[in-house]
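This is data.cif (mmCIF, C-alpha atoms and all ligand atoms).
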```cif
data_my_file
#
loop_
_atom_site.group_PDB
_atom_site.id
_atom_site.type_symbol
_atom_site.label_atom_id
_atom_site.label_comp_id
_atom_site.auth_asym_id
_atom_site.auth_seq_id
_atom_site.Cartn_x
_atom_site.Cartn_y
_atom_site.Cartn_z
ATOM 1 C CA MET A 1 0.000 0.000 0.000
ATOM 2 C CA GLY A 2 1.310 3.470 -0.832
ATOM 3 C CA ARG A 3 0.945 6.624 1.208
ATOM 4 C CA ARG A 4 -2.683 7.008 0.156
ATOM 5 C CA GLY A 5 -4.722 5.061 2.670
ATOM 6 C CA ALA A 6 -1.637 3.950 4.608
ATOM 7 C CA GLY A 7 -1.994 3.462 8.337
ATOM 8 C CA THR A 8 -4.675 1.888 10.458
ATOM 9 C CA ILE A 9 -8.177 3.078 11.190
ATOM 10 C CA LYS A 10 -10.576 2.866 14.110
ATOM 11 C CA VAL A 11 -14.212 3.619 13.337
ATOM 12 C CA PHE A 12 -16.550 4.207 16.279
ATOM 13 C CA TYR A 13 -20.202 3.848 15.353
ATOM 14 C CA PHE A 14 -23.656 3.908 16.845
ATOM 15 C CA THR A 15 -26.413 2.267 14.836
ATOM 16 C CA ALA A 16 -29.990 1.194 15.523
ATOM 17 C CA THR A 17 -30.918 -0.324 12.165
ATOM 18 C CA GLY A 18 -27.553 -0.870 10.518
ATOM 19 C CA ASN A 19 -27.069 2.190 8.317
ATOM 20 C CA GLY A 20 -24.220 3.390 10.525
ATOM 21 C CA LEU A 21 -22.541 -0.004 10.559
ATOM 22 C CA ALA A 22 -22.850 -0.199 6.758
ATOM 23 C CA ILE A 23 -20.981 3.128 6.567
ATOM 24 C CA ALA A 24 -18.334 1.853 8.986
ATOM 25 C CA LYS A 25 -17.929 -1.357 6.968
ATOM 26 C CA ALA A 26 -17.524 0.600 3.735
ATOM 27 C CA ILE A 27 -14.712 2.622 5.319
ATOM 28 C CA GLY A 28 -13.147 -0.418 6.961
ATOM 29 C CA GLY A 29 -10.610 -0.786 9.745
ATOM 30 C CA GLU A 30 -11.339 -1.717 13.348
ATOM 31 C CA LEU A 31 -15.070 -1.157 13.879
ATOM 32 C CA ILE A 32 -16.021 -0.355 17.472
ATOM 33 C CA SER A 33 -19.574 0.029 18.764
ATOM 34 C CA ILE A 34 -19.986 3.202 20.836
ATOM 35 C CA PRO A 35 -22.364 1.633 23.418
ATOM 36 C CA ARG A 36 -19.802 -1.110 23.972
ATOM 37 C CA ALA A 37 -16.895 1.345 24.118
ATOM 38 C CA LEU A 38 -18.762 3.398 26.723
ATOM 39 C CA LYS A 39 -19.394 0.246 28.716
ATOM 40 C CA ALA A 40 -15.719 -0.772 28.520
ATOM 41 C CA GLY A 41 -14.857 2.651 29.937
ATOM 42 C CA THR A 42 -11.606 3.187 27.988
ATOM 43 C CA THR A 43 -10.898 6.901 28.009
ATOM 44 C CA ARG A 44 -8.160 7.216 25.387
ATOM 45 C CA TYR A 45 -7.805 5.777 21.904
ATOM 46 C CA LYS A 46 -4.896 6.282 19.524
ATOM 47 C CA ASP A 47 -4.581 5.369 15.857
ATOM 48 C CA ASP A 48 -3.495 6.852 12.522
ATOM 49 C CA VAL A 49 -7.115 7.558 11.620
ATOM 50 C CA ILE A 50 -10.155 7.726 13.903
ATOM 51 C CA GLY A 51 -13.738 8.147 12.724
ATOM 52 C CA ILE A 52 -17.156 8.636 14.304
ATOM 53 C CA ILE A 53 -20.435 7.501 12.750
ATOM 54 C CA THR A 54 -23.839 8.680 14.009
ATOM 55 C CA PRO A 55 -27.453 8.598 12.879
ATOM 56 C CA THR A 56 -29.310 11.911 12.771
ATOM 57 C CA TYR A 57 -32.069 12.452 15.307
ATOM 58 C CA ALA A 58 -34.119 15.636 14.946
ATOM 59 C CA GLY A 59 -31.325 17.225 12.951
ATOM 60 C CA ASN A 60 -28.729 16.300 15.582
ATOM 61 C CA PRO A 61 -26.371 13.429 16.347
ATOM 62 C CA ALA A 62 -27.513 10.634 18.673
ATOM 63 C CA ARG A 63 -26.955 11.765 22.259
ATOM 64 C CA ILE A 64 -24.858 8.683 23.050
ATOM 65 C CA VAL A 65 -22.348 9.684 20.364
ATOM 66 C CA VAL A 66 -21.892 13.173 21.809
ATOM 67 C CA GLU A 67 -21.537 11.657 25.267
ATOM 68 C CA PHE A 68 -18.840 9.325 23.942
ATOM 69 C CA LEU A 69 -16.893 12.215 22.400
ATOM 70 C CA LYS A 70 -17.075 14.132 25.668
ATOM 71 C CA ARG A 71 -15.732 11.164 27.608
ATOM 72 C CA VAL A 72 -12.799 10.042 25.454
ATOM 73 C CA ASP A 73 -9.580 11.429 24.093
ATOM 74 C CA LEU A 74 -9.094 10.501 20.443
ATOM 75 C CA ASP A 75 -5.478 10.808 19.395
ATOM 76 C CA ALA A 76 -5.036 10.513 15.618
ATOM 77 C CA ASP A 77 -3.354 12.167 12.631
ATOM 78 C CA TYR A 78 -6.682 12.361 10.832
ATOM 79 C CA ARG A 79 -10.154 12.448 12.386
ATOM 80 C CA PHE A 80 -13.487 12.303 10.594
ATOM 81 C CA ALA A 81 -17.218 12.132 11.297
ATOM 82 C CA VAL A 82 -20.063 10.846 9.126
ATOM 83 C CA ALA A 83 -23.771 11.269 9.882
ATOM 84 C CA SER A 84 -26.468 9.234 8.162
ATOM 85 C CA TYR A 85 -29.891 10.762 7.783
ATOM 86 C CA GLY A 86 -33.149 9.959 6.034
ATOM 87 C CA GLY A 87 -34.978 13.098 5.010
ATOM 88 C CA VAL A 88 -33.891 16.500 6.268
ATOM 89 C CA MET A 89 -30.282 16.524 7.378
ATOM 90 C CA GLY A 90 -30.283 19.333 9.911
ATOM 91 C CA ASN A 91 -26.872 19.947 11.460
ATOM 92 C CA PRO A 92 -25.744 16.643 12.983
ATOM 93 C CA ILE A 93 -22.022 17.364 12.767
ATOM 94 C CA LYS A 94 -22.179 20.606 14.758
ATOM 95 C CA PRO A 95 -22.574 19.100 18.257
ATOM 96 C CA LEU A 96 -19.832 16.593 17.425
ATOM 97 C CA ALA A 97 -17.548 19.417 16.312
ATOM 98 C CA SER A 98 -18.357 21.346 19.520
ATOM 99 C CA ALA A 99 -17.480 18.305 21.653
ATOM 100 C CA ALA A 100 -14.199 17.960 19.738
ATOM 101 C CA ALA A 101 -13.445 21.688 20.094
ATOM 102 C CA ALA A 102 -13.947 21.414 23.854
ATOM 103 C CA LYS A 103 -11.182 18.798 23.788
ATOM 104 C CA GLY A 104 -8.951 21.060 21.699
ATOM 105 C CA TRP A 105 -9.152 19.407 18.292
ATOM 106 C CA SER A 106 -11.284 19.524 15.138
ATOM 107 C CA PHE A 107 -12.449 17.032 12.514
ATOM 108 C CA ASP A 108 -10.397 16.935 9.301
ATOM 109 C CA PHE A 109 -13.298 15.585 7.273
ATOM 110 C CA THR A 110 -17.057 15.494 7.831
ATOM 111 C CA ALA A 111 -19.847 14.156 5.624
ATOM 112 C CA SER A 112 -23.539 13.307 5.654
ATOM 113 C CA VAL A 113 -25.181 10.527 3.681
ATOM 114 C CA LYS A 114 -28.871 10.041 2.952
ATOM 115 C CA MET A 115 -30.105 6.505 3.638
ATOM 116 C CA VAL A 116 -33.394 4.800 4.537
ATOM 117 C CA ASP A 117 -35.274 6.788 7.192
ATOM 118 C CA ASN A 118 -36.094 4.595 10.201
ATOM 119 C CA TYR A 119 -38.279 7.142 12.055
ATOM 120 C CA LEU A 120 -41.500 5.151 12.146
ATOM 121 C CA PRO A 121 -43.952 7.969 13.065
ATOM 122 C CA LEU A 122 -43.119 9.867 9.882
ATOM 123 C CA PHE A 123 -41.806 7.309 7.401
ATOM 124 C CA ASP A 124 -43.211 4.130 5.899
ATOM 125 C CA VAL A 125 -40.161 1.895 5.696
ATOM 126 C CA ALA A 126 -41.640 -0.052 2.755
ATOM 127 C CA ALA A 127 -41.962 3.193 0.764
ATOM 128 C CA GLU A 128 -38.481 4.283 1.894
ATOM 129 C CA ARG A 129 -37.047 0.989 0.673
ATOM 130 C CA GLU A 130 -38.605 1.584 -2.744
ATOM 131 C CA LYS A 131 -37.553 5.220 -2.879
ATOM 132 C CA LYS A 132 -33.927 4.928 -1.777
ATOM 133 C CA ASP A 133 -31.720 3.253 -4.347
ATOM 134 C CA GLN A 134 -29.365 0.984 -2.380
ATOM 135 C CA ALA A 135 -26.879 0.883 -5.281
ATOM 136 C CA ALA A 136 -26.691 4.701 -5.263
ATOM 137 C CA ILE A 137 -26.247 4.649 -1.479
ATOM 138 C CA GLY A 138 -23.455 2.093 -1.940
ATOM 139 C CA GLU A 139 -21.756 4.487 -4.356
ATOM 140 C CA ALA A 140 -22.099 7.357 -1.880
ATOM 141 C CA LEU A 141 -20.480 5.196 0.831
ATOM 142 C CA ALA A 142 -17.680 4.162 -1.532
ATOM 143 C CA SER A 143 -17.050 7.827 -2.286
ATOM 144 C CA ILE A 144 -16.839 8.660 1.452
ATOM 145 C CA ALA A 145 -14.502 5.676 1.967
ATOM 146 C CA ALA A 146 -12.283 6.921 -0.893
ATOM 147 C CA ASP A 147 -12.226 10.423 0.634
ATOM 148 C CA VAL A 148 -11.135 9.008 4.007
ATOM 149 C CA ALA A 149 -8.515 6.794 2.337
ATOM 150 C CA ALA A 150 -7.181 9.885 0.518
ATOM 151 C CA ARG A 151 -7.233 11.854 3.799
ATOM 152 C CA LYS A 152 -9.430 14.469 2.184
ATOM 153 C CA ARG A 153 -9.973 17.606 4.238
ATOM 154 C CA SER A 154 -13.425 19.130 3.895
ATOM 155 C CA ALA A 155 -16.610 19.761 5.833
ATOM 156 C CA ALA A 156 -20.175 18.645 5.072
ATOM 157 C CA HIS A 157 -22.134 21.487 3.497
ATOM 158 C CA VAL A 158 -24.859 22.831 5.794
ATOM 159 C CA GLY A 159 -27.231 25.458 4.405
ATOM 160 C CA VAL A 160 -29.216 27.978 6.440
ATOM 161 C CA GLY A 161 -32.349 25.795 6.481
ATOM 162 C CA ASN A 162 -30.465 22.791 7.806
ATOM 163 C CA ALA A 163 -28.668 24.886 10.417
ATOM 164 C CA LEU A 164 -32.032 26.227 11.606
ATOM 165 C CA TYR A 165 -33.612 22.773 11.689
ATOM 166 C CA GLY A 166 -30.614 21.500 13.644
ATOM 167 C CA ALA A 167 -30.943 24.289 16.217
ATOM 168 C CA VAL A 168 -34.697 23.813 16.686
ATOM 169 C CA GLY A 169 -34.434 20.031 16.527
ATOM 170 C CA CYS A 170 -31.811 20.092 19.254
ATOM 171 C CA LEU A 171 -34.327 21.624 21.667
ATOM 172 C CA ALA A 172 -36.999 19.107 20.661
ATOM 173 C CA TYR A 173 -34.695 16.096 20.920
ATOM 174 C CA ASN A 174 -33.084 17.026 24.207
ATOM 175 C CA LYS A 175 -35.875 18.771 26.055
ATOM 176 C CA VAL A 176 -39.119 17.278 24.800
ATOM 177 C CA ALA A 177 -38.529 13.779 23.398
ATOM 178 C CA GLY A 178 -35.694 12.996 25.772
ATOM 179 C CA PRO A 179 -35.974 10.359 28.440
ATOM 180 C CA LYS A 180 -39.725 9.846 28.287
ATOM 181 C CA VAL A 181 -39.726 8.789 24.655
ATOM 182 C CA ALA A 182 -40.074 5.027 25.148
ATOM 183 C CA ARG A 183 -42.915 4.969 27.653
ATOM 184 C CA GLU A 184 -44.939 7.420 25.626
ATOM 185 C CA SER A 185 -43.976 6.329 22.140
ATOM 186 C CA PHE A 186 -44.296 2.556 22.049
ATOM 187 C CA SER A 187 -47.002 -0.029 22.482
ATOM 188 C CA VAL A 188 -46.552 -3.790 22.545
ATOM 189 C CA SER A 189 -49.035 -6.106 20.832
ATOM 190 C CA ASP A 190 -50.055 -9.647 21.727
ATOM 191 C CA ALA A 191 -47.643 -10.892 19.069
ATOM 192 C CA CYS A 192 -44.997 -10.468 21.819
ATOM 193 C CA ILE A 193 -43.746 -13.841 23.112
ATOM 194 C CA SER A 194 -41.423 -12.324 25.763
ATOM 195 C CA CYS A 195 -38.356 -13.505 23.845
ATOM 196 C CA GLY A 196 -36.282 -10.629 25.240
ATOM 197 C CA VAL A 197 -34.581 -9.655 21.972
ATOM 198 C CA CYS A 198 -35.612 -6.008 22.523
ATOM 199 C CA ALA A 199 -33.998 -6.038 25.980
ATOM 200 C CA ARG A 200 -30.839 -7.650 24.632
ATOM 201 C CA PHE A 201 -30.688 -5.085 21.852
ATOM 202 C CA CYS A 202 -31.449 -1.851 23.715
ATOM 203 C CA PRO A 203 -28.240 0.236 23.644
ATOM 204 C CA ALA A 204 -29.415 2.161 26.714
ATOM 205 C CA GLY A 205 -30.208 -0.971 28.748
ATOM 206 C CA ASN A 206 -33.658 0.573 29.089
ATOM 207 C CA ILE A 207 -35.842 -2.498 28.518
ATOM 208 C CA THR A 208 -36.558 -5.392 30.853
ATOM 209 C CA VAL A 209 -38.629 -8.471 30.005
ATOM 210 C CA GLU A 210 -39.836 -10.699 32.817
ATOM 211 C CA GLU A 211 -40.809 -14.249 31.891
ATOM 212 C CA GLY A 212 -44.183 -14.268 30.157
ATOM 213 C CA GLN A 213 -44.471 -10.478 30.361
ATOM 214 C CA HIS A 214 -44.370 -7.723 27.793
ATOM 215 C CA PRO A 215 -41.275 -5.509 27.781
ATOM 216 C CA ALA A 216 -41.119 -2.747 30.379
ATOM 217 C CA PHE A 217 -39.437 0.496 29.324
ATOM 218 C CA GLY A 218 -37.413 2.637 31.728
ATOM 219 C CA ASP A 219 -36.492 6.308 31.510
ATOM 220 C CA ALA A 220 -33.177 6.082 29.664
ATOM 221 C CA CYS A 221 -34.498 5.655 26.095
ATOM 222 C CA LEU A 222 -32.286 7.105 23.368
ATOM 223 C CA GLY A 223 -35.205 7.273 20.942
ATOM 224 C CA CYS A 224 -33.408 5.105 18.379
ATOM 225 C CA TYR A 225 -36.469 2.916 17.634
ATOM 226 C CA GLY A 226 -34.154 -0.067 17.262
ATOM 227 C CA CYS A 227 -36.301 -2.240 19.564
ATOM 228 C CA ALA A 228 -39.285 -1.847 17.228
ATOM 229 C CA HIS A 229 -37.185 -2.554 14.145
ATOM 230 C CA ILE A 230 -35.406 -5.633 15.504
ATOM 231 C CA CYS A 231 -38.359 -7.346 17.255
ATOM 232 C CA PRO A 232 -38.572 -10.755 15.511
ATOM 233 C CA HIS A 233 -42.351 -10.795 15.999
ATOM 234 C CA ASN A 234 -43.025 -7.217 14.940
ATOM 235 C CA ALA A 235 -44.761 -6.722 18.279
ATOM 236 C CA ILE A 236 -43.369 -3.289 19.205
ATOM 237 C CA HIS A 237 -45.193 -0.414 17.563
ATOM 238 C CA ALA A 238 -44.502 3.289 17.544
ATOM 239 C CA ARG A 239 -47.415 5.573 18.281
ATOM 240 C CA GLY A 240 -48.783 6.856 14.971
ATOM 241 C CA GLU A 241 -46.397 4.754 12.910
ATOM 242 C CA LYS A 242 -46.882 5.011 9.153
ATOM 243 C CA SER A 243 -46.736 1.246 8.660
ATOM 244 C CA ALA A 244 -45.666 -1.969 10.363
ATOM 245 C CA ALA A 245 -42.773 -2.391 7.901
ATOM 246 C CA ARG A 246 -39.360 -2.472 9.562
ATOM 247 C CA TRP A 247 -35.807 -1.753 8.437
ATOM 248 C CA ARG A 248 -32.472 -3.449 8.731
ATOM 249 C CA ASN A 249 -29.706 -2.346 6.395
ATOM 250 C CA PRO A 250 -29.061 -5.224 3.938
ATOM 251 C CA ASP A 251 -25.308 -5.117 4.639
ATOM 252 C CA VAL A 252 -25.847 -5.809 8.339
ATOM 253 C CA THR A 253 -27.183 -8.881 10.181
ATOM 254 C CA ALA A 254 -29.475 -8.881 13.206
ATOM 255 C CA ARG A 255 -26.679 -10.666 15.091
ATOM 256 C CA GLU A 256 -24.314 -7.755 14.329
ATOM 257 C CA LEU A 257 -26.898 -5.264 15.611
ATOM 258 C CA LEU A 258 -27.354 -7.266 18.796
ATOM 259 C CA ASP A 259 -23.597 -7.601 19.279
ATOM 260 C CA ALA A 260 -23.081 -3.880 18.682
ATOM 261 C CA ASN A 261 -25.708 -2.786 21.171
ATOM 262 C CA ALA A 262 -26.142 -5.641 23.635
ATOM 263 C CA GLN A 263 -25.992 -4.501 27.225
HETATM 264 C C1 LIG B 1 -35.935 9.466 16.596
HETATM 265 C C2 LIG B 1 -35.429 9.631 15.198
HETATM 266 C C3 LIG B 1 -35.282 10.896 14.681
HETATM 267 C C4 LIG B 1 -34.812 11.084 13.381
HETATM 268 N N1 LIG B 1 -34.646 12.349 12.922
HETATM 269 C C5 LIG B 1 -34.185 12.558 11.672
HETATM 270 C C6 LIG B 1 -34.030 13.875 11.168
HETATM 271 O O1 LIG B 1 -34.246 14.861 11.843
HETATM 272 N N2 LIG B 1 -33.610 14.027 9.901
HETATM 273 C C7 LIG B 1 -33.346 12.962 9.089
HETATM 274 O O2 LIG B 1 -32.993 13.171 7.933
HETATM 275 N N3 LIG B 1 -33.439 11.680 9.546
HETATM 276 C C8 LIG B 1 -33.870 11.460 10.821
HETATM 277 N N4 LIG B 1 -33.975 10.170 11.296
HETATM 278 C C9 LIG B 1 -33.584 9.039 10.430
HETATM 279 C C10 LIG B 1 -32.222 8.435 10.771
HETATM 280 O O3 LIG B 1 -31.260 9.431 11.012
HETATM 281 C C11 LIG B 1 -31.724 7.532 9.647
HETATM 282 O O4 LIG B 1 -32.670 6.583 9.270
HETATM 283 C C12 LIG B 1 -30.400 6.873 9.993
HETATM 284 O O5 LIG B 1 -29.751 6.517 8.792
HETATM 285 C C13 LIG B 1 -30.527 5.644 10.868
HETATM 286 O O6 LIG B 1 -29.249 5.111 11.116
HETATM 287 P P1 LIG B 1 -28.986 3.675 11.778
HETATM 288 O O7 LIG B 1 -29.584 2.634 10.853
HETATM 289 O O8 LIG B 1 -27.491 3.575 11.817
HETATM 290 O O9 LIG B 1 -29.600 3.671 13.113
HETATM 291 C C14 LIG B 1 -34.467 9.956 12.583
HETATM 292 C C15 LIG B 1 -34.616 8.675 13.112
HETATM 293 C C16 LIG B 1 -35.096 8.501 14.399
HETATM 294 C C17 LIG B 1 -35.247 7.100 14.941
#
```
Output the structure of this file as structure tokens.
Amino acid sequence: MGRRGAGTIKVFYFTATGNGLAIAKAIGGELISIPRALKAGTTRYKDDVIGIITPTYAGNPARIVVEFLKRVDLDADYRFAVASYGGVMGNPIKPLASAAAAKGWSFDFTASVKMVDNYLPLFDVAAEREKKDQAAIGEALASIAADVAARKRSAAHVGVGNALYGAVGCLAYNKVAGPKVARESFSVSDACISCGVCARFCPAGNITVEEGQHPAFGDACLGCYGCAHICPHNAIHARGEKSAARWRNPDVTARELLDANAQ
């Protein structure tokens, strides 16, 4: 290997339905789940290249990703961040950049990539699957991977509308949705067989399933909707969901999602 792409990479990712892990896989290197890294408690990572992958929630990065950046020191020659989103991007890189700035460094490269939207109250996953061309998404990921390999230095373009949506969305995500999201947002149907997959999956450790009982949600929900998407019996429903169709990125297995998030 020549200079281009030389060196080793660590990619830290958080993913509920696999889009983030598909991005991480496209980039390659050592792929590390953020919920697991937080659990391990390591406070310093060093590599030639270090990247962060987050989904976009209400125009912002997932809270757990910001928390991770605040907790760790990331020592690398080249640092990047990629946010996936489904509809309106908002400003998901900004809070990540602020967390980095508070630690005295900045990202060399940031990007956003539009993928299937997994927000059940607003999007019908079946329609999303039809609408979003997976081959085109694959090309977008390959382009991001090539940029990282070439150590490209640039920032994701954020227009005024996206910046505004990010600022407003931040208030909604942190102050309104916040911790109460699970109790108020989900219902469980009689299709539930108490298998406990939702509890094993939940990256916040916010779900418990007693034998023969429906899942009980605590107050630490991240609002990722992963429990509803991964339920093997399609028994967890979001209030006002557009359809019962669920999403898992085709490049990612359910086992990988469980391993990445299992608490
Ligand atoms: C609670 C929630 C809020 C979301 N908010 C936005 C949003 O504001 N803008 C957007 O484009 N996508 C939004 N999405 C869609 C996700 O960012 C998108 O589907 C992402 O690729 C999922 O990544 P994952 O599969 O790695 O979890 C939201 C999804 C959820 C669950």
Near-Ser84 of chain A list (8 Å; all atoms listed in the file; drop same-chain fewer than 4 positions) as an MDAnalysis selection string: chainID A and resid 19:20 53:56 112:115
Quick one: of A:Ala81, A:Ala145, A:Ala244, A:Cys202, who's nearest to Leu258 of chain A, counting all atoms listed in the file?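 Once distances to Leu258 of chain A are computed over all atoms listed in the file, the minimum belongs to A:Cys202.
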The PyMOL selection byres (((chain A and resi 17) around 8) and not hetatm) resolved against shown file, as a VMD selection string: chain A and resid 15 to 16 18 to 20 118 226 229 to 230 247 to 249 257
Nearest candidate to ligand LIG 1 (chain B) (options A:Tyr13, A:Phe68, A:Tyr85, A:Trp105; using all atoms listed in the file):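 Between A:Tyr13, A:Phe68, A:Tyr85, A:Trp105, the residue approaching ligand LIG 1 (chain B) most closely is A:Tyr85.
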Could you list as a PyMOL selection string every residue that has an atom within 6 Å of (-41.6, -0.1, 23.9), using the file's coordinates and counting all atoms listed in the file? chain A and resi 182+186-187+217+236
From the set A:Asn234, A:Ser194, A:Thr208, A:Asn261, which residue has the shortest atom-to-atom contact distance to ligand LIG 1 (chain B), counting all atoms listed in the file? A:Asn261
Compile the contact shell of Gly159 of chain A as a ChimeraX atom specification: residues with an atom at most 10 Å away, counting all atoms listed in the file, same-chain residues fewer than 3 positions apart removed. /A:89-91,156,162-164
Name the closest residue to ligand LIG 1 (chain B) among the candidates A:Ile193, A:Ala220, A:Leu122, A:Ile9; distances are taken between atoms, counting all atoms listed in the file.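 Among A:Ile193, A:Ala220, A:Leu122, A:Ile9, it is A:Leu122 that comes nearest to ligand LIG 1 (chain B).
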Using all atoms listed in the file, find the one residue out of A:Arg63, A:Gly196, A:Val72, A:Lys94 that sits nearest to Ala40 of chain A.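 Smallest separation from Ala40 of chain A among the options: A:Val72.
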As a PDB file, in the coordinates of the input, the rebuilt segment 197-213 of chain A with N, CA and C atoms:
```pdb
ATOM      1  N   VAL A 197     -35.523 -10.215  22.950  1.00  0.00           N
ATOM      2  CA  VAL A 197     -34.581  -9.655  21.972  1.00  0.00           C
ATOM      3  C   VAL A 197     -34.486  -8.129  22.121  1.00  0.00           C
ATOM      4  N   CYS A 198     -35.615  -7.479  22.364  1.00  0.00           N
ATOM      5  CA  CYS A 198     -35.612  -6.008  22.523  1.00  0.00           C
ATOM      6  C   CYS A 198     -34.709  -5.599  23.690  1.00  0.00           C
ATOM      7  N   ALA A 199     -34.810  -6.360  24.795  1.00  0.00           N
ATOM      8  CA  ALA A 199     -33.998  -6.038  25.980  1.00  0.00           C
ATOM      9  C   ALA A 199     -32.517  -6.282  25.697  1.00  0.00           C
ATOM     10  N   ARG A 200     -32.242  -7.355  24.963  1.00  0.00           N
ATOM     11  CA  ARG A 200     -30.839  -7.650  24.632  1.00  0.00           C
ATOM     12  C   ARG A 200     -30.281  -6.598  23.697  1.00  0.00           C
ATOM     13  N   PHE A 201     -31.141  -6.078  22.824  1.00  0.00           N
ATOM     14  CA  PHE A 201     -30.688  -5.085  21.852  1.00  0.00           C
ATOM     15  C   PHE A 201     -30.483  -3.701  22.469  1.00  0.00           C
ATOM     16  N   CYS A 202     -31.373  -3.272  23.330  1.00  0.00           N
ATOM     17  CA  CYS A 202     -31.449  -1.851  23.715  1.00  0.00           C
ATOM     18  C   CYS A 202     -30.087  -1.276  24.129  1.00  0.00           C
ATOM     19  N   PRO A 203     -29.570  -0.306  23.356  1.00  0.00           N
ATOM     20  CA  PRO A 203     -28.240   0.236  23.644  1.00  0.00           C
ATOM     21  C   PRO A 203     -28.194   1.020  24.950  1.00  0.00           C
ATOM     22  N   ALA A 204     -29.374   1.402  25.454  1.00  0.00           N
ATOM     23  CA  ALA A 204     -29.415   2.161  26.714  1.00  0.00           C
ATOM     24  C   ALA A 204     -29.696   1.239  27.901  1.00  0.00           C
ATOM     25  N   GLY A 205     -29.860  -0.054  27.651  1.00  0.00           N
ATOM     26  CA  GLY A 205     -30.208  -0.971  28.748  1.00  0.00           C
ATOM     27  C   GLY A 205     -31.518  -0.553  29.401  1.00  0.00           C
ATOM     28  N   ASN A 206     -32.446  -0.067  28.568  1.00  0.00           N
ATOM     29  CA  ASN A 206     -33.658   0.573  29.089  1.00  0.00           C
ATOM     30  C   ASN A 206     -34.878  -0.349  29.085  1.00  0.00           C
ATOM     31  N   ILE A 207     -34.687  -1.599  28.633  1.00  0.00           N
ATOM     32  CA  ILE A 207     -35.842  -2.498  28.518  1.00  0.00           C
ATOM     33  C   ILE A 207     -35.613  -3.741  29.376  1.00  0.00           C
ATOM     34  N   THR A 208     -36.632  -4.115  30.126  1.00  0.00           N
ATOM     35  CA  THR A 208     -36.558  -5.392  30.853  1.00  0.00           C
ATOM     36  C   THR A 208     -37.765  -6.237  30.442  1.00  0.00           C
ATOM     37  N   VAL A 209     -37.534  -7.553  30.347  1.00  0.00           N
ATOM     38  CA  VAL A 209     -38.629  -8.471  30.005  1.00  0.00           C
ATOM     39  C   VAL A 209     -38.641  -9.599  31.031  1.00  0.00           C
ATOM     40  N   GLU A 210     -39.661  -9.597  31.865  1.00  0.00           N
ATOM     41  CA  GLU A 210     -39.836 -10.699  32.817  1.00  0.00           C
ATOM     42  C   GLU A 210     -40.497 -11.853  32.085  1.00  0.00           C
ATOM     43  N   GLU A 211     -40.262 -13.070  32.571  1.00  0.00           N
ATOM     44  CA  GLU A 211     -40.809 -14.249  31.891  1.00  0.00           C
ATOM     45  C   GLU A 211     -42.326 -14.119  31.695  1.00  0.00           C
ATOM     46  N   GLY A 212     -42.752 -14.306  30.468  1.00  0.00           N
ATOM     47  CA  GLY A 212     -44.183 -14.268  30.157  1.00  0.00           C
ATOM     48  C   GLY A 212     -44.782 -12.868  30.137  1.00  0.00           C
ATOM     49  N   GLN A 213     -43.957 -11.860  30.331  1.00  0.00           N
ATOM     50  CA  GLN A 213     -44.471 -10.478  30.361  1.00  0.00           C
ATOM     51  C   GLN A 213     -44.060  -9.703  29.113  1.00  0.00           C
TER      52      GLN A 213
END
```
